[in-house]
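Structure data follow from upload10.cif (mmCIF, C-alpha atoms and all ligand atoms):
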```cif
data_protein
#
loop_
_atom_site.label_atom_id
_atom_site.label_comp_id
_atom_site.auth_asym_id
_atom_site.auth_seq_id
_atom_site.Cartn_x
_atom_site.Cartn_y
_atom_site.Cartn_z
CA MET A 1 -119.75 129.44 -51.89
CA ILE A 2 -123.29 129.90 -50.62
CA HIS A 3 -124.46 132.51 -48.14
CA ALA A 4 -127.09 131.23 -45.68
CA ILE A 5 -129.18 133.27 -43.29
CA CYS A 6 -129.77 131.05 -40.25
CA VAL A 7 -132.78 132.08 -38.16
CA ALA A 8 -133.60 131.51 -34.50
CA GLY A 9 -136.25 133.15 -32.35
CA ALA A 10 -137.24 131.01 -29.39
CA ARG A 11 -135.25 128.92 -26.89
CA PRO A 12 -135.39 125.60 -28.76
CA ASN A 13 -134.44 127.30 -32.05
CA LEU A 14 -131.08 128.33 -30.62
CA ILE A 15 -130.33 124.72 -29.76
CA LYS A 16 -131.36 123.57 -33.26
CA ILE A 17 -129.61 126.24 -35.33
CA LYS A 18 -126.14 125.89 -33.78
CA PRO A 19 -125.28 122.56 -35.48
CA VAL A 20 -126.51 123.94 -38.82
CA ILE A 21 -124.31 127.03 -38.55
CA ASP A 22 -121.34 124.85 -37.55
CA GLY A 23 -121.96 122.42 -40.41
CA LEU A 24 -122.24 125.17 -43.00
CA GLU A 25 -119.18 127.06 -41.77
CA SER A 26 -117.07 123.91 -41.68
CA LEU A 27 -117.71 123.59 -45.43
CA GLY A 28 -116.75 127.21 -46.02
CA ALA A 29 -120.25 128.66 -46.42
CA LYS A 30 -120.96 132.18 -45.21
CA THR A 31 -123.63 132.37 -42.51
CA THR A 32 -125.56 135.28 -41.07
CA PHE A 33 -127.15 134.45 -37.71
CA VAL A 34 -130.48 136.27 -37.27
CA HIS A 35 -132.24 136.26 -33.87
CA THR A 36 -135.81 137.51 -34.11
CA GLY A 37 -136.07 138.24 -30.36
CA GLN A 38 -139.25 136.17 -29.88
CA HIS A 39 -137.57 135.03 -26.67
CA TYR A 40 -135.52 137.76 -25.05
CA ASP A 41 -135.02 137.13 -21.31
CA GLU A 42 -131.48 136.19 -20.33
CA ALA A 43 -132.88 132.87 -19.05
CA MET A 44 -134.69 132.16 -22.36
CA SER A 45 -132.05 133.38 -24.79
CA GLY A 46 -128.74 134.86 -23.56
CA VAL A 47 -127.75 131.85 -21.47
CA PHE A 48 -128.24 129.61 -24.51
CA LEU A 49 -125.80 131.64 -26.61
CA HIS A 50 -123.28 131.22 -23.82
CA ASP A 51 -123.92 127.53 -23.09
CA LEU A 52 -124.00 126.50 -26.75
CA GLY A 53 -121.03 128.66 -27.79
CA LEU A 54 -123.21 130.57 -30.27
CA ARG A 55 -121.86 133.98 -31.30
CA GLN A 56 -123.93 137.08 -30.65
CA PRO A 57 -126.53 137.40 -33.43
CA ASP A 58 -125.34 139.21 -36.55
CA ARG A 59 -128.81 140.76 -36.72
CA SER A 60 -131.25 141.09 -33.79
CA LEU A 61 -134.81 141.89 -34.84
CA GLY A 62 -136.12 142.57 -31.32
CA VAL A 63 -139.72 141.55 -32.04
CA GLY A 64 -140.63 140.50 -28.47
CA SER A 65 -143.98 139.09 -27.32
CA GLY A 66 -147.47 139.64 -28.69
CA THR A 67 -150.51 137.90 -30.11
CA HIS A 68 -149.83 135.43 -32.89
CA ALA A 69 -150.65 137.97 -35.58
CA GLU A 70 -148.68 140.75 -33.91
CA GLN A 71 -145.63 138.60 -33.34
CA THR A 72 -145.62 136.95 -36.77
CA ALA A 73 -146.22 140.29 -38.49
CA ARG A 74 -143.41 141.99 -36.56
CA VAL A 75 -141.06 139.15 -37.52
CA MET A 76 -141.98 139.58 -41.19
CA VAL A 77 -141.69 143.35 -41.21
CA ALA A 78 -138.31 143.25 -39.47
CA PHE A 79 -136.91 140.33 -41.49
CA GLU A 80 -137.83 141.55 -44.99
CA PRO A 81 -135.28 144.39 -45.15
CA VAL A 82 -132.56 142.05 -43.88
CA VAL A 83 -133.23 139.61 -46.72
CA ASP A 84 -133.47 142.45 -49.24
CA GLU A 85 -130.15 143.86 -48.08
CA LEU A 86 -128.17 140.63 -47.73
CA ARG A 87 -129.67 138.73 -50.68
CA PRO A 88 -128.75 135.28 -49.30
CA ASP A 89 -128.78 132.12 -51.40
CA VAL A 90 -130.79 130.31 -48.74
CA VAL A 91 -132.70 131.09 -45.56
CA VAL A 92 -132.64 128.28 -42.99
CA VAL A 93 -135.50 128.15 -40.48
CA VAL A 94 -135.85 125.56 -37.72
CA GLY A 95 -138.75 124.14 -35.73
CA ASP A 96 -142.31 125.38 -35.57
CA VAL A 97 -142.51 128.70 -33.74
CA ASN A 98 -143.96 131.96 -35.01
CA SER A 99 -140.49 133.17 -35.98
CA THR A 100 -140.06 130.07 -38.16
CA LEU A 101 -143.25 130.80 -40.05
CA GLY A 102 -142.70 134.56 -40.37
CA CYS A 103 -139.18 134.24 -41.75
CA ALA A 104 -140.12 131.37 -44.08
CA LEU A 105 -142.94 133.43 -45.60
CA VAL A 106 -140.65 136.41 -46.19
CA ALA A 107 -137.89 134.25 -47.65
CA ALA A 108 -140.30 132.41 -49.95
CA LYS A 109 -141.24 135.69 -51.64
CA SER A 110 -137.60 136.79 -51.98
CA GLY A 111 -135.12 135.32 -54.42
CA ALA A 112 -133.71 133.02 -51.72
CA MET A 113 -134.30 129.32 -51.32
CA VAL A 114 -136.01 128.27 -48.10
CA ALA A 115 -134.76 125.37 -46.00
CA HIS A 116 -136.89 123.97 -43.17
CA VAL A 117 -135.08 121.95 -40.54
CA GLU A 118 -137.48 119.63 -38.68
CA ALA A 119 -139.83 119.34 -41.65
CA GLY A 120 -142.68 116.85 -41.77
CA LEU A 121 -143.59 116.64 -38.09
CA ARG A 122 -147.39 116.52 -37.67
CA SER A 123 -149.54 116.29 -34.56
CA ARG A 124 -152.71 116.53 -36.69
CA ASP A 125 -154.02 118.77 -33.91
CA TRP A 126 -155.05 122.05 -35.50
CA SER A 127 -155.68 123.66 -32.12
CA MET A 128 -151.88 123.85 -31.73
CA PRO A 129 -150.44 127.04 -33.22
CA GLU A 130 -147.29 125.04 -33.97
CA GLU A 131 -149.20 122.70 -36.30
CA VAL A 132 -150.23 125.65 -38.46
CA ASN A 133 -146.65 126.90 -38.43
CA ARG A 134 -145.26 123.48 -39.41
CA VAL A 135 -147.63 122.85 -42.30
CA VAL A 136 -147.33 126.33 -43.81
CA THR A 137 -143.54 126.47 -43.37
CA ASP A 138 -143.14 123.14 -45.13
CA ARG A 139 -145.39 124.32 -47.95
CA VAL A 140 -143.22 127.34 -48.76
CA SER A 141 -139.89 125.55 -48.32
CA ASP A 142 -137.60 124.27 -51.06
CA TYR A 143 -135.53 121.98 -48.86
CA LEU A 144 -137.39 119.80 -46.37
CA PHE A 145 -134.98 118.38 -43.78
CA ALA A 146 -136.80 115.60 -41.94
CA PRO A 147 -135.60 114.26 -38.58
CA SER A 148 -137.17 110.80 -38.85
CA ALA A 149 -138.84 108.31 -41.18
CA ASP A 150 -142.35 109.18 -39.97
CA ALA A 151 -141.73 112.82 -40.96
CA VAL A 152 -140.63 111.67 -44.42
CA ALA A 153 -143.81 109.59 -44.72
CA ASN A 154 -145.95 112.61 -43.79
CA LEU A 155 -144.27 114.73 -46.46
CA GLN A 156 -144.65 112.03 -49.09
CA ALA A 157 -148.33 111.65 -48.21
CA GLU A 158 -148.80 115.40 -48.66
CA GLY A 159 -147.34 115.19 -52.16
CA TYR A 160 -143.92 116.78 -51.81
CA ARG A 161 -141.38 115.84 -54.47
CA ALA A 162 -138.84 113.21 -53.48
CA ASP A 163 -135.97 115.53 -54.39
CA GLN A 164 -137.16 118.09 -51.82
CA ILE A 165 -137.16 115.66 -48.91
CA HIS A 166 -133.92 114.85 -47.07
CA LEU A 167 -133.83 112.47 -44.11
CA VAL A 168 -130.97 113.94 -42.08
CA GLY A 169 -131.60 113.06 -38.44
CA ASN A 170 -132.17 115.39 -35.54
CA VAL A 171 -130.24 118.63 -34.93
CA MET A 172 -131.47 118.80 -31.32
CA VAL A 173 -129.58 115.55 -30.78
CA ASP A 174 -126.43 117.05 -32.32
CA SER A 175 -126.40 119.76 -29.64
CA LEU A 176 -127.27 117.28 -26.91
CA LEU A 177 -124.42 114.91 -27.76
CA THR A 178 -121.94 117.78 -28.21
CA ASN A 179 -122.73 119.20 -24.78
CA LEU A 180 -123.60 116.14 -22.72
CA ASP A 181 -120.25 115.59 -20.97
CA LYS A 182 -119.94 119.29 -20.16
CA ALA A 183 -123.50 119.31 -18.77
CA ILE A 184 -122.98 116.24 -16.61
CA GLY A 185 -119.85 117.90 -15.20
CA HIS A 186 -121.95 120.81 -13.88
CA ASP A 187 -122.91 120.87 -10.19
CA THR A 188 -126.60 121.36 -11.08
CA LEU A 189 -128.00 118.49 -9.00
CA ALA A 190 -125.96 119.40 -5.94
CA ARG A 191 -127.10 123.02 -6.16
CA LEU A 192 -130.73 121.89 -6.14
CA GLY A 193 -130.20 119.25 -3.46
CA LEU A 194 -131.11 116.41 -5.85
CA ARG A 195 -129.73 112.88 -6.11
CA ALA A 196 -129.25 111.28 -9.53
CA GLY A 197 -132.03 108.79 -10.26
CA HIS A 198 -134.16 110.03 -7.37
CA TYR A 199 -136.30 112.86 -8.72
CA ALA A 200 -138.85 113.65 -11.39
CA LEU A 201 -138.29 116.61 -13.73
CA VAL A 202 -141.28 118.58 -15.06
CA THR A 203 -141.80 121.23 -17.74
CA LEU A 204 -145.12 122.68 -18.93
CA HIS A 205 -145.66 125.53 -21.37
CA ARG A 206 -148.24 124.49 -24.01
CA PRO A 207 -151.18 126.90 -24.10
CA ALA A 208 -153.58 123.91 -23.85
CA ASN A 209 -151.98 122.98 -20.51
CA VAL A 210 -151.12 126.29 -18.90
CA ASP A 211 -153.35 129.07 -20.22
CA ASP A 212 -156.49 127.83 -18.44
CA LEU A 213 -156.18 128.02 -14.65
CA GLY A 214 -158.47 125.01 -14.17
CA VAL A 215 -156.36 122.77 -16.43
CA LEU A 216 -153.08 123.96 -14.93
CA GLY A 217 -154.43 123.55 -11.38
CA HIS A 218 -155.45 120.00 -12.21
CA LEU A 219 -151.94 119.21 -13.51
CA ILE A 220 -150.39 120.76 -10.39
CA ASP A 221 -152.60 118.49 -8.26
CA ILE A 222 -151.22 115.48 -10.14
CA LEU A 223 -147.65 116.70 -9.52
CA GLY A 224 -148.51 117.12 -5.83
CA CYS A 225 -149.57 113.43 -5.69
CA LEU A 226 -146.39 112.36 -7.50
CA ALA A 227 -144.28 114.39 -5.06
CA GLU A 228 -145.51 112.06 -2.28
CA ASP A 229 -143.49 109.31 -4.04
CA ILE A 230 -140.45 111.19 -5.35
CA PRO A 231 -139.04 114.75 -5.27
CA VAL A 232 -140.43 116.83 -8.15
CA VAL A 233 -138.46 119.73 -9.68
CA PHE A 234 -140.16 122.07 -12.11
CA PRO A 235 -138.23 124.78 -14.04
CA VAL A 236 -141.02 127.20 -14.91
CA HIS A 237 -141.39 128.70 -18.40
CA PRO A 238 -142.36 132.42 -18.33
CA ARG A 239 -145.75 131.69 -19.95
CA THR A 240 -146.51 129.35 -17.06
CA ARG A 241 -145.03 131.50 -14.31
CA ALA A 242 -147.71 134.17 -14.64
CA ARG A 243 -150.54 131.60 -14.20
CA LEU A 244 -148.88 129.77 -11.31
CA GLU A 245 -148.98 132.94 -9.25
CA ASP A 246 -152.76 132.43 -9.01
CA LEU A 247 -152.51 128.80 -7.81
CA ALA A 248 -151.49 127.06 -4.59
CA VAL A 249 -148.56 124.85 -5.53
CA PRO A 250 -147.77 122.06 -3.01
CA ALA A 251 -144.50 122.75 -1.18
CA ALA A 252 -143.20 119.33 -2.25
CA VAL A 253 -143.12 120.53 -5.87
CA THR A 254 -139.94 122.61 -6.20
CA LEU A 255 -140.41 125.49 -8.63
CA VAL A 256 -137.24 126.96 -10.12
CA GLU A 257 -136.48 129.55 -12.79
CA PRO A 258 -136.07 128.34 -16.40
CA CYS A 259 -132.70 126.59 -16.55
CA GLY A 260 -129.79 127.28 -18.83
CA TYR A 261 -129.13 124.57 -21.40
CA LEU A 262 -126.29 122.80 -19.60
CA ASP A 263 -128.15 122.82 -16.28
CA PHE A 264 -131.27 121.48 -17.95
CA VAL A 265 -129.45 118.69 -19.78
CA ALA A 266 -127.82 117.73 -16.47
CA LEU A 267 -131.27 117.60 -14.85
CA GLU A 268 -132.69 115.47 -17.68
CA HIS A 269 -129.74 113.09 -17.56
CA GLY A 270 -130.08 112.56 -13.80
CA ALA A 271 -133.89 112.26 -13.69
CA ALA A 272 -135.70 109.02 -12.86
CA LEU A 273 -138.61 110.32 -14.93
CA VAL A 274 -139.51 113.41 -16.98
CA LEU A 275 -143.06 114.74 -17.32
CA THR A 276 -143.44 117.36 -20.04
CA ASP A 277 -145.45 118.90 -22.85
CA SER A 278 -142.30 120.08 -24.67
CA GLY A 279 -141.41 118.82 -28.11
CA GLY A 280 -137.65 118.87 -27.78
CA ILE A 281 -137.65 117.23 -24.37
CA GLN A 282 -139.49 114.18 -25.76
CA GLU A 283 -136.54 113.78 -28.13
CA GLU A 284 -133.74 114.46 -25.65
CA THR A 285 -135.11 111.98 -23.10
CA THR A 286 -135.24 109.32 -25.82
CA VAL A 287 -131.56 109.81 -26.61
CA LEU A 288 -130.63 109.91 -22.93
CA GLY A 289 -132.67 106.75 -22.25
CA VAL A 290 -134.70 108.56 -19.57
CA PRO A 291 -138.42 107.65 -19.39
CA CYS A 292 -140.70 110.50 -20.50
CA LEU A 293 -144.43 110.99 -19.93
CA THR A 294 -145.95 113.51 -22.34
CA LEU A 295 -148.88 115.31 -20.73
CA ARG A 296 -150.74 115.85 -24.01
CA ASP A 297 -153.29 113.96 -26.09
CA ASN A 298 -151.00 113.66 -29.11
CA THR A 299 -147.46 114.18 -30.28
CA GLU A 300 -145.90 115.36 -33.52
CA ARG A 301 -142.95 113.17 -32.54
CA PRO A 302 -144.46 109.63 -32.52
CA ILE A 303 -141.03 108.18 -33.22
CA THR A 304 -140.14 108.93 -29.59
CA VAL A 305 -142.96 106.57 -28.60
CA THR A 306 -142.35 103.80 -31.13
CA GLU A 307 -138.56 103.96 -31.01
CA GLY A 308 -137.82 105.85 -27.80
CA THR A 309 -138.70 106.26 -24.13
CA ASN A 310 -141.80 108.42 -24.49
CA GLN A 311 -145.41 107.66 -23.56
CA VAL A 312 -148.26 110.04 -24.42
CA VAL A 313 -150.46 109.90 -21.32
CA GLY A 314 -152.84 112.88 -21.54
CA ARG A 315 -153.99 114.57 -18.33
CA SER A 316 -156.07 112.06 -16.40
CA PRO A 317 -154.65 111.71 -12.87
CA GLU A 318 -155.16 107.94 -12.84
CA ARG A 319 -153.38 107.46 -16.16
CA VAL A 320 -150.48 109.81 -15.40
CA LEU A 321 -149.85 108.49 -11.89
CA THR A 322 -150.19 104.83 -12.94
CA ALA A 323 -147.71 105.38 -15.78
CA ALA A 324 -145.31 107.28 -13.49
CA ARG A 325 -145.40 104.61 -10.78
CA ASN A 326 -144.95 101.85 -13.36
CA VAL A 327 -141.89 103.55 -14.83
CA LEU A 328 -140.41 104.27 -11.40
CA SER A 329 -140.83 100.61 -10.38
CA ASN A 330 -140.00 98.85 -13.63
CA GLY A 331 -138.04 101.31 -15.82
CA TRP A 332 -138.62 101.58 -19.56
CA PRO A 333 -136.78 100.17 -22.59
CA LYS A 334 -134.03 102.38 -24.04
CA ARG A 335 -134.10 102.74 -27.81
CA CYS A 336 -132.99 105.43 -30.25
CA PRO A 337 -134.23 106.31 -33.77
CA ALA A 338 -131.93 105.94 -36.76
CA LEU A 339 -129.65 108.91 -37.61
CA TRP A 340 -130.10 110.56 -34.19
CA ASP A 341 -126.34 110.38 -33.97
CA GLY A 342 -125.00 113.93 -33.76
CA ARG A 343 -124.40 114.36 -37.52
CA ALA A 344 -127.64 116.01 -38.68
CA GLY A 345 -126.12 119.49 -39.01
CA ALA A 346 -123.31 118.10 -41.18
CA ARG A 347 -125.80 116.25 -43.40
CA ILE A 348 -127.87 119.42 -43.85
CA ALA A 349 -124.76 121.40 -44.75
CA ASP A 350 -123.73 118.76 -47.29
CA VAL A 351 -127.08 119.09 -49.05
CA LEU A 352 -127.17 122.89 -48.96
CA VAL A 353 -123.57 123.38 -50.08
CA GLY A 354 -123.16 120.46 -52.42
CA GLY A 355 -126.63 119.81 -53.74
CA VAL A 356 -128.28 120.98 -56.90
CA PRO A 357 -130.77 123.65 -55.82
CA GLN A 358 -134.31 122.28 -55.81
CA ARG A 359 -136.85 125.03 -56.25
CA ARG A 360 -140.54 125.06 -55.53
CA LEU A 361 -142.52 125.63 -58.69
CA ARG A 362 -143.01 129.36 -59.01
CA PRO A 363 -145.40 131.17 -61.36
CA SER A 364 -142.40 132.10 -63.54
CA ASP A 365 -141.58 128.39 -63.94
CA LEU A 366 -145.03 127.92 -65.41
CA GLY A 367 -144.67 130.79 -67.84
CA ALA A 368 -146.96 133.12 -65.87
CA GLY A 369 -146.01 136.67 -64.83
C1 LIG B 1 -143.08 129.60 -28.00
C2 LIG B 1 -143.56 128.80 -29.21
C3 LIG B 1 -143.69 127.35 -28.83
C4 LIG B 1 -142.39 126.83 -28.24
C5 LIG B 1 -141.93 127.71 -27.12
C6 LIG B 1 -140.57 127.26 -26.65
C7 LIG B 1 -145.06 129.91 -30.82
C8 LIG B 1 -146.45 130.03 -31.29
N1 LIG B 1 -144.87 129.27 -29.64
O1 LIG B 1 -144.07 129.50 -27.01
O2 LIG B 1 -144.01 126.58 -29.99
O3 LIG B 1 -142.61 125.51 -27.79
O4 LIG B 1 -141.85 129.08 -27.57
O5 LIG B 1 -140.30 127.67 -25.35
O6 LIG B 1 -144.18 130.39 -31.47
N2 LIG B 1 -142.02 135.54 -22.24
C9 LIG B 1 -141.17 136.13 -21.35
N3 LIG B 1 -139.84 136.18 -21.69
C10 LIG B 1 -139.35 135.71 -22.86
C11 LIG B 1 -140.26 135.14 -23.76
C12 LIG B 1 -141.59 135.05 -23.43
O7 LIG B 1 -141.55 136.56 -20.26
O8 LIG B 1 -138.14 135.80 -23.09
C13 LIG B 1 -143.46 135.45 -21.87
C14 LIG B 1 -144.31 136.59 -22.40
O9 LIG B 1 -145.28 136.88 -21.45
C15 LIG B 1 -144.98 135.94 -23.61
C16 LIG B 1 -145.12 134.50 -23.18
O10 LIG B 1 -143.98 134.22 -22.40
O11 LIG B 1 -146.20 136.54 -23.93
C17 LIG B 1 -145.19 133.52 -24.35
O12 LIG B 1 -144.07 133.69 -25.23
P1 LIG B 1 -144.21 133.29 -26.78
O13 LIG B 1 -142.88 133.33 -27.43
O14 LIG B 1 -145.30 134.05 -27.42
O15 LIG B 1 -144.73 131.82 -26.71
P2 LIG B 1 -144.18 130.60 -25.89
O16 LIG B 1 -145.26 130.12 -24.97
O17 LIG B 1 -142.86 130.93 -25.31
N1 LIG B 2 -134.71 123.63 -21.87
C1 LIG B 2 -133.79 124.34 -21.09
N2 LIG B 2 -134.20 124.85 -19.89
C2 LIG B 2 -135.44 124.66 -19.39
C3 LIG B 2 -136.38 123.93 -20.18
C4 LIG B 2 -135.98 123.45 -21.42
O1 LIG B 2 -132.63 124.48 -21.49
O2 LIG B 2 -135.74 125.14 -18.29
C5 LIG B 2 -134.29 123.13 -23.18
C6 LIG B 2 -134.44 121.64 -23.37
O3 LIG B 2 -133.25 120.96 -23.06
C7 LIG B 2 -134.76 121.53 -24.85
C8 LIG B 2 -135.44 122.83 -25.18
O4 LIG B 2 -135.14 123.72 -24.13
O5 LIG B 2 -133.55 121.46 -25.59
C9 LIG B 2 -136.92 122.62 -25.34
O6 LIG B 2 -137.52 123.86 -25.43
P1 LIG B 2 -139.05 124.11 -25.06
O7 LIG B 2 -139.56 123.00 -24.21
O8 LIG B 2 -139.12 125.49 -24.55
O9 LIG B 2 -139.74 124.13 -26.50
P2 LIG B 2 -140.32 123.00 -27.47
O10 LIG B 2 -139.27 121.99 -27.70
O11 LIG B 2 -141.55 122.45 -26.84
O12 LIG B 2 -140.68 123.78 -28.69
#
```
Can you turn what I pasted into structure tokens?
Amino acid sequence: MIHAICVAGARPNLIKIKPVIDGLESLGAKTTFVHTGQHYDEAMSGVFLHDLGLRQPDRSLGVGSGTHAEQTARVMVAFEPVVDELRPDVVVVVGDVNSTLGCALVAAKSGAMVAHVEAGLRSRDWSMPEEVNRVVTDRVSDYLFAPSADAVANLQAEGYRADQIHLVGNVMVDSLLTNLDKAIGHDTLARLGLRAGHYALVTLHRPANVDDLGVLGHLIDILGCLAEDIPVVFPVHPRTRARLEDLAVPAAVTLVEPCGYLDFVALEHGAALVLTDSGGIQEETTVLGVPCLTLRDNTERPITVTEGTNQVVGRSPERVLTAARNVLSNGWPKRCPALWDGRAGARIADVLVGGVPQRRLRPSDLGAG
């Protein structure tokens, strides 16, 4: 039976890796859960282990925060000896964060196969660090697990072999569907004094939105206008928290700490509208049938627009507020992409355990040294 190292580093990775670990273990595979420590606060990591029922990591790399180069390099330096020692058959990485890239690069130069879960997503916006991470991780991966047909099309257009590409659905949705009833049973809304269907939920953490005080201040002004129509609740990511301290946030915009997973899913489920720059939240709102406005110029998840509840509205106050008021008055159609059904982790495990290994071409395959 295969041995898979399953890697997570940042908040959304924990949500994505759990169904893969479960799927592999249910088929009898051995898994080693590695947490790089890219996110480390209790509110960004520990609470997710608890809420998702993830065991404590088998290996914690403790890399912490830093510049892109520092963080990616620390991930690589800390992960290499783990791979050398454990000699896994496959290393599974998820998503598009620096930990994904660092571990994929290390694994690609080891004897292990590399599996990328959430392969093929493209924003075509090279100013996003995640776009670099996605493209490079796909390039060094043997197994490309795509969440949607558009991701498959991107991979085909980039010339990947058909036998590397597996359309498996969305692991984020697996976790959402597994935990939805438990989340709805939480008293989250009551604790925050919110009524289901009568508030807007906001998250912002993309560098393009929050690193520049002018841009963030402009977005906060928009939220202040929206709060005249409907209560606005905003769980604040640590990257954003530091910048908000230098801005006057209208009292009608309720800032709260980052939420645990179950609390956040409860908030999404009860929201009249979600405004976000998150990737995963565009997907979750689609499955929940909750309208989502993405405060960016593009998305790597266009399927949530064409087959979901998402609209990409940029940052112009007129456009955002018009879209918000339209959704609040008229609602938005509920649709869900194919295979976003809670079985992605099982499909991935089937391929990894049962499939014939598909290797990238290596120099040795070509007869070189
Ligand atoms: C990272 C990912 C991003 C993902 C996001 C999920 C990259 C390049 N970025 O962004 O793609 O959408 O995670 O949330 O990998 N911090 C804390 N406590 C923590 C973690 C971070 O205070 O537990 C603070 C630190 O000041 C840190 C900053 O947040 O410098 C940014 O953290 P980092 O992991 O570098 O990037 P994110 O913005 O979280
Ligand atoms: N999330 C959460 N608490 C919060 C904000 C988000 O549990 O306060 C969850 C959310 O349900 C989703 C994931 O975190 O599953 C998205 O992570 P994030 O927005 O940090 O990263 P991205 O998806 O943009 O990479």
Name all residues at most 12 Å from A:Thr100 (count all atoms listed in the file; drop same-chain ones fewer than 5 positions away) and give them as an mmCIF file with C-alpha atoms, in the frame of the given file.
```cif
data_model
loop_
_atom_site.group_PDB
_atom_site.id
_atom_site.type_symbol
_atom_site.label_atom_id
_atom_site.label_comp_id
_atom_site.auth_asym_id
_atom_site.auth_seq_id
_atom_site.Cartn_x
_atom_site.Cartn_y
_atom_site.Cartn_z
ATOM 1 C CA CYS A 6 -129.770 131.050 -40.250
ATOM 2 C CA VAL A 7 -132.780 132.080 -38.160
ATOM 3 C CA ALA A 8 -133.600 131.510 -34.500
ATOM 4 C CA GLY A 9 -136.250 133.150 -32.350
ATOM 5 C CA ALA A 10 -137.240 131.010 -29.390
ATOM 6 C CA PRO A 12 -135.390 125.600 -28.760
ATOM 7 C CA ASN A 13 -134.440 127.300 -32.050
ATOM 8 C CA LEU A 14 -131.080 128.330 -30.620
ATOM 9 C CA LYS A 16 -131.360 123.570 -33.260
ATOM 10 C CA ILE A 17 -129.610 126.240 -35.330
ATOM 11 C CA VAL A 34 -130.480 136.270 -37.270
ATOM 12 C CA HIS A 35 -132.240 136.260 -33.870
ATOM 13 C CA THR A 36 -135.810 137.510 -34.110
ATOM 14 C CA GLY A 37 -136.070 138.240 -30.360
ATOM 15 C CA GLN A 38 -139.250 136.170 -29.880
ATOM 16 C CA GLN A 71 -145.630 138.600 -33.340
ATOM 17 C CA THR A 72 -145.620 136.950 -36.770
ATOM 18 C CA ALA A 73 -146.220 140.290 -38.490
ATOM 19 C CA VAL A 75 -141.060 139.150 -37.520
ATOM 20 C CA MET A 76 -141.980 139.580 -41.190
ATOM 21 C CA PHE A 79 -136.910 140.330 -41.490
ATOM 22 C CA VAL A 91 -132.700 131.090 -45.560
ATOM 23 C CA VAL A 92 -132.640 128.280 -42.990
ATOM 24 C CA VAL A 93 -135.500 128.150 -40.480
ATOM 25 C CA VAL A 94 -135.850 125.560 -37.720
ATOM 26 C CA GLY A 95 -138.750 124.140 -35.730
ATOM 27 C CA LEU A 105 -142.940 133.430 -45.600
ATOM 28 C CA VAL A 106 -140.650 136.410 -46.190
ATOM 29 C CA ALA A 107 -137.890 134.250 -47.650
ATOM 30 C CA VAL A 114 -136.010 128.270 -48.100
ATOM 31 C CA ALA A 115 -134.760 125.370 -46.000
ATOM 32 C CA HIS A 116 -136.890 123.970 -43.170
ATOM 33 C CA VAL A 117 -135.080 121.950 -40.540
ATOM 34 C CA GLU A 118 -137.480 119.630 -38.680
ATOM 35 C CA ALA A 119 -139.830 119.340 -41.650
ATOM 36 C CA PRO A 129 -150.440 127.040 -33.220
ATOM 37 C CA GLU A 130 -147.290 125.040 -33.970
ATOM 38 C CA GLU A 131 -149.200 122.700 -36.300
ATOM 39 C CA VAL A 132 -150.230 125.650 -38.460
ATOM 40 C CA ASN A 133 -146.650 126.900 -38.430
ATOM 41 C CA ARG A 134 -145.260 123.480 -39.410
ATOM 42 C CA VAL A 135 -147.630 122.850 -42.300
ATOM 43 C CA VAL A 136 -147.330 126.330 -43.810
ATOM 44 C CA THR A 137 -143.540 126.470 -43.370
ATOM 45 C CA ASP A 138 -143.140 123.140 -45.130
ATOM 46 C CA VAL A 140 -143.220 127.340 -48.760
ATOM 47 C CA SER A 141 -139.890 125.550 -48.320
#
```
**Request:** Compare A:Glu228, A:Asp125, A:Leu216, A:Leu273 by their minimum atom-to-atom distance to A:Leu247, counting only C-alpha atoms, and give me the closest one.
**Result:** A:Leu216
Can you pull out every residue within 8 Å of A:Leu167, counting all atoms listed in the file, but drop anything in the same chain fewer than 5 positions away, and send it as a PDB file with C-alpha atoms, in the coordinates of the input?
```
ATOM      1  CA  PHE A 145    -134.980 118.380 -43.780  1.00  0.00           C
ATOM      2  CA  ALA A 146    -136.800 115.600 -41.940  1.00  0.00           C
ATOM      3  CA  PRO A 147    -135.600 114.260 -38.580  1.00  0.00           C
ATOM      4  CA  SER A 148    -137.170 110.800 -38.850  1.00  0.00           C
ATOM      5  CA  ALA A 149    -138.840 108.310 -41.180  1.00  0.00           C
ATOM      6  CA  VAL A 152    -140.630 111.670 -44.420  1.00  0.00           C
TER       7      VAL A 152
END
```
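Distances to A:Ala200 were evaluated for A:Ala349, A:Ala78, A:Ala324, A:Met172 using all atoms listed in the file, and the minimum falls at A:Ala324.
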**Message:** Just want the residues within 10 Å of ligand LIG 2 (chain B), written as number ranges by chain, counting only C-alpha atoms and all ligand atoms.
**Reply:** A: 10-16, 39, 43-45, 47-48, 51, 95-97, 130, 172-173, 175-176, 201-206, 234-238, 256-268, 276-285
**Prompt:** If you measure from atom CA of A:Val249 to atom CA of A:Ile220, what distance in Å do you get, rounded to one decimal?
**Reply:** 6.6 Å
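Picture a line from atom CA of A:Pro317 to atom CA of A:Leu226; it runs 9.9 Å.
Closest to A:Ile222 among A:Ser60, A:Asn298, A:Thr188, A:Ser316 is A:Ser316, based on only C-alpha atoms.
Here atom CA of A:Asn98 and atom CA of A:Leu295 stand 22.5 Å from one another.
Taking only C-alpha atoms into account, A:Thr294 lies nearest to A:Leu275 out of the set A:Ala344, A:Cys103, A:Val320, A:Leu275.
Each of A:Ala4, A:Ala183, A:Gly354, A:Leu144 was compared to A:Val168 using all atoms listed in the file, and A:Leu144 turns out to be the nearest.
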Give the centre and edge lengths of an axis-aligned box, in Å to one decimal, that holds all listed atoms of ligand LIG 1 (chain B) with 4 Å on each side, as JSON.
```
{"center_x": -142.3, "center_y": 131.2, "center_z": -25.9, "size_x": 16.3, "size_y": 19.4, "size_z": 19.2}
```
